[in-house]
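Colleague: Handing over work.txt, compact mmCIF, C-alpha atoms.
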# COMPACT_ATOMS: atom_id res chain seq x y z
CA MET A 21 -7.70 2.95 -29.97
CA ALA A 22 -9.51 0.73 -27.44
CA LEU A 23 -11.72 -2.04 -28.78
CA ARG A 24 -15.45 -1.90 -28.12
CA ARG A 25 -16.74 -4.55 -25.72
CA PHE A 26 -20.17 -6.16 -25.56
CA TYR A 27 -21.64 -8.45 -22.92
CA ILE A 28 -23.30 -11.51 -24.47
CA GLU A 29 -24.97 -14.70 -23.24
CA LYS A 30 -22.98 -17.93 -23.32
CA GLU A 31 -25.16 -19.44 -26.05
CA ASN A 32 -24.07 -16.63 -28.41
CA LEU A 33 -20.55 -18.09 -28.54
CA GLN A 34 -20.46 -21.77 -29.49
CA GLY A 35 -16.89 -22.94 -29.82
CA ASP A 36 -15.27 -20.22 -31.92
CA ARG A 37 -18.49 -19.28 -33.73
CA LEU A 38 -20.31 -16.09 -32.70
CA SER A 39 -23.92 -15.24 -33.48
CA ILE A 40 -25.78 -12.13 -32.27
CA SER A 41 -29.36 -11.05 -32.95
CA GLY A 42 -32.01 -8.85 -31.32
CA ASP A 43 -31.33 -5.47 -29.72
CA LEU A 44 -27.57 -6.02 -29.42
CA PHE A 45 -27.34 -6.88 -33.13
CA HIS A 46 -29.09 -3.64 -34.07
CA HIS A 47 -26.81 -1.67 -31.74
CA ILE A 48 -23.65 -3.21 -33.22
CA ARG A 49 -24.81 -2.80 -36.83
CA ASP A 50 -26.80 0.45 -36.76
CA VAL A 51 -25.21 2.44 -33.94
CA CYS A 52 -21.60 1.21 -33.99
CA ARG A 53 -21.66 0.71 -37.79
CA PHE A 54 -19.72 -2.56 -37.57
CA ASP A 55 -19.63 -4.72 -40.69
CA VAL A 56 -17.70 -7.67 -42.12
CA GLY A 57 -14.09 -7.46 -40.98
CA SER A 58 -14.84 -5.36 -37.87
CA GLN A 59 -13.33 -6.58 -34.62
CA PHE A 60 -14.53 -6.19 -31.04
CA GLU A 61 -14.42 -8.05 -27.73
CA VAL A 62 -17.25 -9.98 -26.12
CA LEU A 63 -17.61 -10.65 -22.40
CA LEU A 64 -19.36 -13.63 -20.83
CA GLY A 65 -18.79 -12.80 -17.16
CA ASP A 66 -16.14 -15.53 -16.88
CA HIS A 67 -13.09 -13.29 -16.32
CA GLN A 68 -12.21 -13.53 -20.02
CA ALA A 69 -12.45 -11.19 -23.00
CA HIS A 70 -12.87 -12.85 -26.37
CA LEU A 71 -11.66 -11.02 -29.49
CA VAL A 72 -13.98 -11.70 -32.43
CA GLU A 73 -14.13 -10.67 -36.07
CA VAL A 74 -17.38 -10.20 -37.97
CA THR A 75 -17.67 -12.64 -40.89
CA GLU A 76 -21.27 -12.08 -42.02
CA VAL A 77 -24.07 -9.58 -41.46
CA ASN A 78 -27.63 -9.92 -42.72
CA LYS A 79 -30.88 -8.15 -41.89
CA ARG A 80 -31.47 -10.00 -38.62
CA GLU A 81 -28.22 -11.48 -37.39
CA LEU A 82 -24.48 -11.03 -37.18
CA PHE A 83 -21.94 -13.86 -37.36
CA GLY A 84 -18.31 -13.89 -36.42
CA ARG A 85 -15.36 -16.00 -35.35
CA ARG A 86 -13.27 -15.94 -32.21
CA ILE A 87 -9.68 -14.92 -32.87
CA SER A 88 -8.21 -15.01 -29.37
CA THR A 89 -9.01 -14.92 -25.67
CA ARG A 90 -7.34 -12.96 -22.88
CA GLU A 91 -7.74 -13.29 -19.13
CA LEU A 92 -9.25 -10.44 -17.14
CA PRO A 93 -8.19 -9.86 -13.51
CA ALA A 94 -10.47 -11.09 -10.74
CA LEU A 95 -11.59 -8.71 -8.00
CA LYS A 96 -9.19 -8.56 -5.08
CA LYS A 97 -10.16 -9.62 -1.58
CA PRO A 98 -12.01 -8.62 0.43
CA LEU A 99 -14.95 -8.68 -1.94
CA ILE A 100 -17.21 -5.70 -1.23
CA THR A 101 -20.95 -6.15 -0.77
CA LEU A 102 -22.76 -2.81 -0.67
CA CYS A 103 -25.94 -3.18 1.39
CA LEU A 104 -28.14 -0.30 0.29
CA SER A 105 -31.27 0.98 1.99
CA VAL A 106 -33.25 1.80 -1.14
CA PRO A 107 -33.15 5.56 -1.86
CA LYS A 108 -35.01 7.31 -4.68
CA LEU A 109 -34.81 4.96 -7.64
CA PRO A 110 -32.81 7.18 -10.06
CA LYS A 111 -30.08 7.28 -7.40
CA VAL A 112 -29.98 3.48 -7.32
CA ASP A 113 -29.30 3.45 -11.07
CA TRP A 114 -26.35 5.80 -10.64
CA ILE A 115 -24.97 3.89 -7.64
CA ILE A 116 -25.11 0.59 -9.54
CA GLU A 117 -23.17 1.98 -12.50
CA LYS A 118 -20.44 3.46 -10.32
CA CYS A 119 -20.13 0.35 -8.15
CA VAL A 120 -19.56 -1.76 -11.27
CA GLU A 121 -16.80 0.60 -12.39
CA LEU A 122 -15.18 0.77 -8.94
CA GLY A 123 -15.14 -3.00 -8.45
CA ALA A 124 -17.79 -3.78 -5.85
CA SER A 125 -18.78 -7.45 -5.93
CA GLU A 126 -22.45 -7.23 -5.03
CA ILE A 127 -25.29 -4.87 -4.11
CA ARG A 128 -27.91 -6.03 -1.61
CA PRO A 129 -30.92 -3.67 -1.66
CA PHE A 130 -32.98 -3.66 1.53
CA VAL A 131 -35.92 -1.81 3.03
CA SER A 132 -35.72 -0.06 6.38
CA ASP A 133 -37.51 2.55 8.50
CA TYR A 134 -36.41 5.48 6.32
CA SER A 135 -35.89 3.85 2.93
CA PHE A 136 -37.69 5.39 -0.06
CA LEU A 137 -39.61 2.13 -0.55
CA ARG A 138 -40.74 0.44 2.66
CA LYS A 139 -41.76 -3.03 1.40
CA GLU A 140 -39.80 -5.59 -0.58
CA SER A 141 -42.84 -6.09 -2.83
CA GLU A 142 -42.59 -2.46 -4.00
CA ILE A 143 -39.38 -3.34 -5.88
CA SER A 144 -40.73 -5.10 -8.96
CA GLU A 145 -39.10 -7.80 -11.07
CA ASN A 146 -39.01 -5.29 -13.92
CA ARG A 147 -37.01 -2.90 -11.76
CA ILE A 148 -34.50 -5.61 -10.89
CA ALA A 149 -34.24 -6.55 -14.59
CA ARG A 150 -33.49 -2.89 -15.36
CA TRP A 151 -30.73 -2.87 -12.73
CA GLU A 152 -29.22 -6.01 -14.26
CA LYS A 153 -29.15 -4.34 -17.68
CA LEU A 154 -27.35 -1.37 -16.15
CA VAL A 155 -24.78 -3.79 -14.73
CA GLN A 156 -24.21 -5.30 -18.17
CA ALA A 157 -23.82 -1.88 -19.80
CA ALA A 158 -21.35 -0.69 -17.17
CA THR A 159 -19.44 -3.98 -17.45
CA GLN A 160 -19.06 -3.45 -21.20
CA GLN A 161 -17.81 0.08 -20.66
CA SER A 162 -15.33 -0.76 -17.91
CA GLY A 163 -14.03 -4.08 -19.25
CA ARG A 164 -14.59 -5.73 -15.89
CA GLY A 165 -14.21 -9.52 -15.83
CA ASP A 166 -17.41 -10.46 -14.02
CA LEU A 167 -20.90 -9.14 -13.43
CA LEU A 168 -21.79 -7.33 -10.22
CA LYS A 169 -24.56 -9.28 -8.51
CA ILE A 170 -27.87 -7.67 -7.52
CA GLY A 171 -29.51 -9.38 -4.55
CA LYS A 172 -33.20 -9.87 -4.01
CA PRO A 173 -34.62 -7.01 -1.89
CA ILE A 174 -35.24 -7.99 1.75
CA THR A 175 -35.66 -6.33 5.14
CA LEU A 176 -32.74 -5.03 7.18
CA LYS A 177 -33.29 -7.67 9.86
CA LYS A 178 -33.18 -10.54 7.38
CA LEU A 179 -30.08 -9.07 5.78
CA LEU A 180 -28.29 -8.83 9.13
CA GLU A 181 -29.21 -12.44 9.88
CA GLU A 182 -27.48 -13.48 6.64
CA PHE A 183 -24.45 -11.35 7.45
CA ASN A 184 -24.07 -12.85 10.91
CA ARG A 185 -23.80 -16.42 9.61
CA ASN A 186 -20.51 -15.97 7.80
CA PRO A 187 -17.35 -15.87 9.99
CA SER A 188 -15.07 -14.80 7.10
CA THR A 189 -17.16 -11.67 6.51
CA GLY A 190 -16.63 -8.32 8.18
CA GLY A 191 -19.08 -5.46 8.41
CA LEU A 192 -18.98 -1.68 8.33
CA PHE A 193 -21.85 0.47 9.57
CA PRO A 194 -21.31 4.16 8.61
CA TYR A 195 -23.64 6.40 10.60
CA GLU A 196 -24.27 10.14 10.58
CA GLY A 197 -25.15 10.21 14.30
CA GLU A 198 -23.06 9.68 17.41
CA SER A 199 -20.23 7.15 17.11
CA GLN A 200 -17.09 6.25 19.05
CA ILE A 201 -14.88 5.27 16.12
CA GLY A 202 -13.90 6.92 12.84
CA LEU A 203 -13.57 5.34 9.43
CA PRO A 204 -9.71 5.18 9.39
CA SER A 205 -9.61 3.27 12.68
CA ALA A 206 -12.41 0.93 11.62
CA LEU A 207 -10.66 0.12 8.34
CA LYS A 208 -7.35 -0.51 10.11
CA GLU A 209 -9.03 -3.09 12.35
CA LEU A 210 -10.81 -4.73 9.41
CA LYS A 211 -7.59 -4.92 7.41
CA SER A 212 -5.86 -6.81 10.22
CA ARG A 213 -8.45 -9.59 9.95
CA HIS A 214 -7.62 -10.47 6.30
CA LEU A 215 -11.28 -10.92 5.42
CA GLU A 216 -12.71 -12.67 2.38
CA HIS A 217 -15.77 -10.41 2.25
CA LEU A 218 -16.77 -7.00 3.61
CA TRP A 219 -20.38 -5.86 3.87
CA VAL A 220 -21.00 -2.10 4.00
CA PHE A 221 -24.42 -0.89 5.20
CA VAL A 222 -25.49 2.48 3.77
CA GLY A 223 -28.70 4.20 4.78
CA SER A 224 -31.20 5.97 2.54
CA GLU A 225 -31.83 9.73 2.54
CA GLY A 226 -33.11 9.61 6.11
CA GLY A 227 -30.33 7.43 7.48
CA PHE A 228 -31.17 4.84 10.15
CA SER A 229 -33.55 5.03 13.11
CA LEU A 230 -32.33 4.58 16.70
CA GLU A 231 -34.10 1.22 16.78
CA GLU A 232 -32.06 0.14 13.76
CA VAL A 233 -28.83 1.37 15.36
CA ASN A 234 -29.62 -0.92 18.29
CA LEU A 235 -30.36 -3.74 15.87
CA PHE A 236 -26.96 -3.33 14.24
CA ALA A 237 -25.35 -3.54 17.69
CA GLN A 238 -27.05 -6.90 18.28
CA TYR A 239 -25.15 -8.22 15.28
CA GLY A 240 -21.79 -6.81 16.40
CA LEU A 241 -21.84 -3.69 14.23
CA ASN A 242 -21.19 -0.40 15.99
CA PRO A 243 -21.64 2.95 14.20
CA VAL A 244 -18.66 4.40 12.37
CA SER A 245 -18.25 8.11 11.61
CA MET A 246 -17.28 9.35 8.15
CA GLY A 247 -16.55 12.87 9.37
CA GLU A 248 -18.45 16.02 10.26
CA GLN A 249 -20.33 16.44 6.97
CA ILE A 250 -23.45 14.42 6.24
CA LEU A 251 -23.11 12.90 2.78
CA ARG A 252 -25.84 12.20 0.28
CA VAL A 253 -26.43 8.47 -0.12
CA GLU A 254 -24.86 8.32 -3.58
CA THR A 255 -21.81 10.28 -2.39
CA ALA A 256 -21.42 7.99 0.62
CA CYS A 257 -21.53 4.87 -1.58
CA LEU A 258 -18.94 6.25 -3.99
CA ALA A 259 -16.63 7.40 -1.19
CA LEU A 260 -16.89 4.19 0.82
CA VAL A 261 -16.22 1.79 -2.04
CA SER A 262 -13.30 3.93 -3.23
CA VAL A 263 -11.68 4.22 0.21
CA ILE A 264 -12.17 0.53 0.99
CA LYS A 265 -10.66 -0.54 -2.33
CA TYR A 266 -7.66 1.66 -1.63
CA GLU A 267 -7.15 0.76 2.01
CA LEU A 268 -8.03 -2.95 1.94
CA GLY A 269 -7.80 -4.07 -1.66
CA GLN A 270 -4.30 -3.13 -2.76
CA GLU A 271 -2.34 -6.10 -1.45
CA ASP A 272 -1.64 -9.06 -3.71
CA ARG A 273 -3.14 -12.17 -2.21
Write the structure described by the file as structure tokens, please.

Modeller:
Amino acid sequence: MALRRFYIEKENLQGDRLSISGDLFHHIRDVCRFDVGSQFEVLLGDHQAHLVEVTEVNKRELFGRRISTRELPALKKPLITLCLSVPKLPKVDWIIEKCVELGASEIRPFVSDYSFLRKESEISENRIARWEKLVQAATQQSGRGDLLKIGKPITLKKLLEEFNRNPSTGGLFPYEGESQIGLPSALKELKSRHLEHLWVFVGSEGGFSLEEVNLFAQYGLNPVSMGEQILRVETACLALVSVIKYELGQEDR
């Protein structure tokens, strides 16, 4: 039977001594029914899983001791950054969870001509905090060694300016309109470059405007076809990360 895992802050584990309070304490005690002698793993986002045993439980806090530590595998190169034109917000929640499980490194939300939200200021700090909690929950479930990063929302132009500064980073611009190259050919070319990072730009429900297609071209990104069917944004994200991990992420480096 697999051990339960919980993401904790670094201050919760001092040396080999564990202490947990607050919402996570209530979840471990009241939902999971863990008590003295129970064992589980805690994650700190440092590519390690720490096996702990509960030594004391009171009304407000749980204490334990670290028994052992095991290394968790790091993500393989190229690291995948999913650049997401913000769709309807429940879809973002789902995309974040699946990208954690599939091994994407980062999500960079941006606003564009057809995004559900059109201004960076419409994405509140509370919304970003909610996304970060979803990352932690999915990390616990999947046993991943690090936390997927959530970038600060910006405009497409600013995002492309950041992308263009890094020579070890490749880009992929899937587009539902006219394109001269398909996904298999684009991935073959990207694989030959042995990149450290790969940024994938996915549009919202309305895709990208012609002006934005021209903007991508200015930064060396030509449209790439994913086939005849137009995919929903969440389907496109899932398919792209999966295919990229398979085609570009399987070699030992």

Colleague: Restricting the calculation to all atoms listed in the file, which member of A:Ile201, A:Ile28, A:Val62, A:Val263 is positioned closest to A:Ser88?

Modeller: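 Ranking A:Ile201, A:Ile28, A:Val62, A:Val263 by distance to A:Ser88, first place goes to A:Val62.
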
Colleague: Counting all atoms listed in the file, find residues at most 10 Å from (-22.8, -8.5, -7.6) (file frame) and give them as a VMD selection string.

Modeller: chain A and resid 99 to 102 116 119 to 120 123 to 128 152 155 166 to 171

Colleague: As a ChimeraX atom specification, please: the residues near A:Leu215 (cut-off 9 Å, all atoms listed in the file, same-chain neighbours under 5 positions excluded).

Modeller: /A:97-99,188-190,210

Colleague: For each of A:Pro204, A:Pro110, A:Gly35, A:Gly226, take the minimum atom-to-atom distance to A:Arg86, counting all atoms listed in the file, then give the residue where this is smallest.

Modeller: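 Among the listed residues, the smallest separation from A:Arg86 belongs to A:Gly35.
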
Colleague: Which residue gives the smallest distance to A:Leu251 among A:Glu216, A:Glu140, A:Glu196, A:Asp55, with all atoms listed in the file counted?

Modeller: A:Glu196

Colleague: Work out how far atom CA of A:Glu117 is from atom CA of A:Leu218, in Å to one decimal.

Modeller: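 Taking atom CA of A:Leu218 and atom CA of A:Glu117, their separation equals 19.5 Å.
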
Colleague: Rounded to one decimal in Å, what is the spacing between atom CA of A:His47 and atom CA of A:Glu121?

Modeller: 21.9 Å

Colleague: Do you have the atom CA of A:Asn146-atom CA of A:Leu104 distance handy?

Modeller: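 Computing it gives 18.6 Å between the two atoms.
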
Colleague: Which polymer residues have any atom within 12 Å of an atom of A:Phe54, counting only C-alpha atoms, with same-chain residues fewer than 2 positions away left out, as a list in words?

Modeller: Leu23, Arg24, Leu44, Phe45, His46, His47, Ile48, Arg49, Asp50, Val51, Cys52, Val56, Gly57, Ser58, Gln59, Phe60, Val72, Glu73, Val74, Thr75, Glu76, Val77, Asn78, Leu82, Phe83 and Gly84 of chain A

Colleague: I'd like to know which of A:Pro173, A:Gly223, A:Gly240, A:Gly42 is closest to A:Tyr134, using only C-alpha atoms.

Modeller: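 That would be A:Gly223, the residue with the smallest distance to A:Tyr134.
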
Colleague: Here is a test: counting all atoms listed in the file, which residue of A:Leu192, A:Ala259, A:Ile87, A:Ala22 is nearest to A:Trp219?

Modeller: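 For A:Trp219, the nearest of the given residues is A:Leu192.
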
Colleague: Using only C-alpha atoms, which residues sit within 9 Å of A:Gln161 once same-chain residues fewer than 2 positions away are excluded, as a VMD selection string?

Modeller: chain A and resid 24 to 26 121 156 to 159 163 to 164

Colleague: For A:His214, which of A:Leu268, A:Leu33, A:Leu122, A:Cys103 is the closest residue, counting all atoms listed in the file?

Modeller: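 Checking each of A:Leu268, A:Leu33, A:Leu122, A:Cys103 against A:His214, counting all atoms listed in the file, the winner is A:Leu268.
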
Colleague: For a cut-off of 9 Å around (-20.9, 12.1, 8.7), file coordinates, pick out all residues using all atoms listed in the file and list them as a list in words.

Modeller: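 Selection result: Pro194, Tyr195, Glu196, Gly197, Val244, Ser245, Met246, Gly247, Glu248, Gln249, Ile250 and Leu251 of chain A.
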
Colleague: What's around stretch 231-234 of chain A at 10 Å? Count only C-alpha atoms, leave out sequence neighbours fewer than 2 positions away in its own chain, and write the answer as a list in words.

Modeller: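 So, after excluding close chain neighbours, the residues are Ser132, Asp133, Leu176, Lys177, Phe193, Tyr195, Gly197, Gly227, Phe228, Ser229, Phe236, Ala237, Gln238, Tyr239, Gly240, Leu241, Asn242 and Pro243 of chain A.
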
Colleague: Only C-alpha atoms, please: the residues just picked out, written as a short mmCIF file (atom, residue, chain, number, x, y, z; two decimals), in the coordinates of the input.

Modeller:
data_model
loop_
_atom_site.label_atom_id
_atom_site.label_comp_id
_atom_site.auth_asym_id
_atom_site.auth_seq_id
_atom_site.Cartn_x
_atom_site.Cartn_y
_atom_site.Cartn_z
CA SER A 132 -35.72 -0.06 6.38
CA ASP A 133 -37.51 2.55 8.50
CA LEU A 176 -32.74 -5.03 7.18
CA LYS A 177 -33.29 -7.67 9.86
CA PHE A 193 -21.85 0.47 9.57
CA TYR A 195 -23.64 6.40 10.60
CA GLY A 197 -25.15 10.21 14.30
CA GLY A 227 -30.33 7.43 7.48
CA PHE A 228 -31.17 4.84 10.15
CA SER A 229 -33.55 5.03 13.11
CA PHE A 236 -26.96 -3.33 14.24
CA ALA A 237 -25.35 -3.54 17.69
CA GLN A 238 -27.05 -6.90 18.28
CA TYR A 239 -25.15 -8.22 15.28
CA GLY A 240 -21.79 -6.81 16.40
CA LEU A 241 -21.84 -3.69 14.23
CA ASN A 242 -21.19 -0.40 15.99
CA PRO A 243 -21.64 2.95 14.20
#

Colleague: Would you kindly return, as a PDB file with C-alpha atoms, in the coordinates of the input, each protein, DNA or RNA residue with an atom no farther than 8 Å from any atom of A:Ile115, considering all atoms listed in the file and excluding same-chain residues fewer than 2 positions away?

Modeller:
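Result file follows (part22.pdb):
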ATOM      1  CA  LYS A 111     -30.080   7.280  -7.400  1.00  0.00           C
ATOM      2  CA  VAL A 112     -29.980   3.480  -7.320  1.00  0.00           C
ATOM      3  CA  ASP A 113     -29.300   3.450 -11.070  1.00  0.00           C
ATOM      4  CA  GLU A 117     -23.170   1.980 -12.500  1.00  0.00           C
ATOM      5  CA  LYS A 118     -20.440   3.460 -10.320  1.00  0.00           C
ATOM      6  CA  CYS A 119     -20.130   0.350  -8.150  1.00  0.00           C
ATOM      7  CA  GLU A 254     -24.860   8.320  -3.580  1.00  0.00           C
ATOM      8  CA  CYS A 257     -21.530   4.870  -1.580  1.00  0.00           C
ATOM      9  CA  LEU A 258     -18.940   6.250  -3.990  1.00  0.00           C
TER      10      LEU A 258
END
